[in-house]
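Please read the structure below before turning to the comments.
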Amino acid sequence: MPRYKLTIEYDGSPFVGWQAQTNGSSVQQVLETGFKGFCGEDIKVYGAGRTDAGVHALGQVAHVDLPRDVACDTLRDAVNAHMRPHPVAIVGAEAVPETFEARFSAVKRHYMYRIVNRRAPLTLDRGQAWLVHKPLDAQAMHEAAQALVGRHDFTTFRSVQCQAKSPVKTVDEITVSRYADEIEVICRARSFLHNQVRSFVGTLKVVGEGKWTRRGVEKALAAADRSACGPVAPPDGLYLLQVDYE
């Protein structure tokens, strides 16, 4: 069966997350329904990562096995037509070897978190960013974030529901940048724990407010205790930007 790699964009606001669940519509279910409409068969869609409810994606990756060869442009356009009006789109499709696995072949994942730092309410970005009224010091946030780069036990920064076998991960990069009223936090690693990026951002927001310093972040990390984490940022501002492969 020919295998295809899909690059997918979606607004996570109306979904219970990526993974198919019984308590509401998921991105995976919408995609599989789209493939059923296109192929007339049940097709399993395997994603590179399980984004949570309300989390968005600009570059989620998945793979599917189809019963026959299909032109990549045809696959993209036909499945997109069957997914309307859901805010999910296949932006690219390519044939790949059967050894390709969207999840297990990935070597790096890139996430972005958007904070809009202003007094005025959100209009166009409602549900797409975290609105923080109090002025934030993005430079202090960036400097404190460097304490989280490297290989560490990230127990403090993972959900108690996290199913990963180990809390030890290697974070390759965290950058915090301000563009006018918007602050972007970029995190890059091979893989992340459940709620890890949102836990980072919520903690760094406390630094930006002047309540914590880099030393506070270092102490929270060393504690290896979930109760030492700052507040977890809401899902609205989180985007899966890109997944890299060899």
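A note on labels: chains of the structure tokens are A, B, ... as shown, every chain counts residues from 1, and ligands are counted from 1 in their shown order.
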Write out as a ChimeraX atom specification the set of residues from region 105-205 of chain A that DSSP, computed on the backbone, places in alpha helix (DSSP H). /A:138-145,196-205
Residues within 8 Å of region 34-43 of chain A, please, as a list in words. Count only C-alpha atoms; anything in the same chain fewer than 5 positions from it doesn't count.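 These residues fall inside the cut-off: Val64, Asp65, Leu66, Ala78, Val79, Asn80, Ala81, His82 and Met83 of chain A.
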Mind the document's chain letters and residue numbers, and return as a ChimeraX atom specification the residues of region 106-181 of chain A that DSSP labels strand (DSSP E). /A:106-117,130-132,150-153,168-179
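Minimum distance to Arg214 (chain A) across A:Gln139, A:Ser166, A:Gln242, A:Ser177 (counting only C-alpha atoms) occurs at A:Gln139.
When only C-alpha atoms are used to measure the gap to Arg84 (chain A), the shortest distance among A:Met141, A:Thr156, A:Thr33, A:Ala102 belongs to A:Thr33.
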Please identify all polymer residues within 10 Å of Leu204 (chain A), counting only C-alpha atoms, omitting same-chain residues fewer than 2 positions from it, and present them as JSON, numbers by chain. {"A": [136, 137, 138, 140, 141, 142, 143, 144, 145, 176, 185, 198, 199, 200, 201, 202, 206, 207, 208, 209, 210, 211, 212, 213, 214, 217, 230, 231, 233]}
If you count only C-alpha atoms, which residues fall within 12 Å of Glu184 (chain A), apart from same-chain ones fewer than 2 positions away, as JSON, numbers by chain? {"A": [111, 112, 113, 114, 115, 116, 117, 129, 130, 136, 138, 139, 141, 142, 174, 175, 176, 177, 178, 179, 180, 181, 182, 186, 187, 201, 204, 205, 237, 238, 239]}
Excluding Ile90 (chain A) and any residue of its chain fewer than 2 positions from it, enumerate the residues within 7 Å of it, using only C-alpha atoms, and give them as a ChimeraX atom specification. /A:6-9,76,80,92
Which of these, A:Ile183, A:Leu148, A:Val45, A:Leu58, has the shortest distance to Val168 (chain A) once you count only C-alpha atoms? A:Leu148
Using only C-alpha atoms: which of A:Val171, A:Ala222, A:Ala95, A:Val55 has the shortest distance to Gln146 (chain A): A:Val171
Which residue, A:Gln161, A:His110, A:Gly12, A:Leu75, has the smallest gap to Val88 (chain A) when you use only C-alpha atoms?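 Closest to Val88 (chain A), using only C-alpha atoms: A:Gly12.
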Near-Ala106 (chain A) list (10 Å; only C-alpha atoms; drop same-chain fewer than 5 positions) as number ranges by chain: A: 48-49, 61, 100-101, 190-191, 243-246
Output C-alpha atoms for every residue in that selection, as an mmCIF file, in the first residue's frame.
```
data_model
loop_
_atom_site.group_PDB
_atom_site.id
_atom_site.type_symbol
_atom_site.label_atom_id
_atom_site.label_comp_id
_atom_site.auth_asym_id
_atom_site.auth_seq_id
_atom_site.Cartn_x
_atom_site.Cartn_y
_atom_site.Cartn_z
ATOM 1 C CA ALA A 48 3.539 13.181 14.644
ATOM 2 C CA GLY A 49 2.206 14.586 17.894
ATOM 3 C CA VAL A 61 2.728 15.979 10.091
ATOM 4 C CA PHE A 100 8.479 6.516 7.162
ATOM 5 C CA GLU A 101 6.607 7.043 10.451
ATOM 6 C CA ARG A 190 13.107 16.088 19.603
ATOM 7 C CA SER A 191 10.002 15.570 21.742
ATOM 8 C CA VAL A 243 8.316 18.666 12.483
ATOM 9 C CA ASP A 244 11.756 17.766 11.120
ATOM 10 C CA TYR A 245 12.899 14.449 9.634
ATOM 11 C CA GLU A 246 16.237 13.097 8.483
#
```
Which residue of A:Gly216, A:Pro135, A:Pro87, A:Pro2 approaches Arg68 (chain A) most closely, using only C-alpha atoms: A:Pro2
List the spatial neighbours of Lys165 (chain A) as a list in words - criterion: any atom at most 12 Å away, only C-alpha atoms, same-chain residues fewer than 2 positions off excluded. Asp153, Thr155, Gln161, Cys162, Gln163, Pro167, Val168, Lys169, Leu193 and His194 of chain A
Please compute the CA of Glu32 (chain A)-CA of Lys44 (chain A) distance, one decimal, in Å.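 Between CA of Glu32 (chain A) and CA of Lys44 (chain A) the gap is 6.4 Å.
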Just to confirm, what's the straight-line distance from CA of His56 (chain A) to CA of Tyr10 (chain A) in Å (one decimal)?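 CA of Tyr10 (chain A) lies at a distance of 5.7 Å from CA of His56 (chain A).
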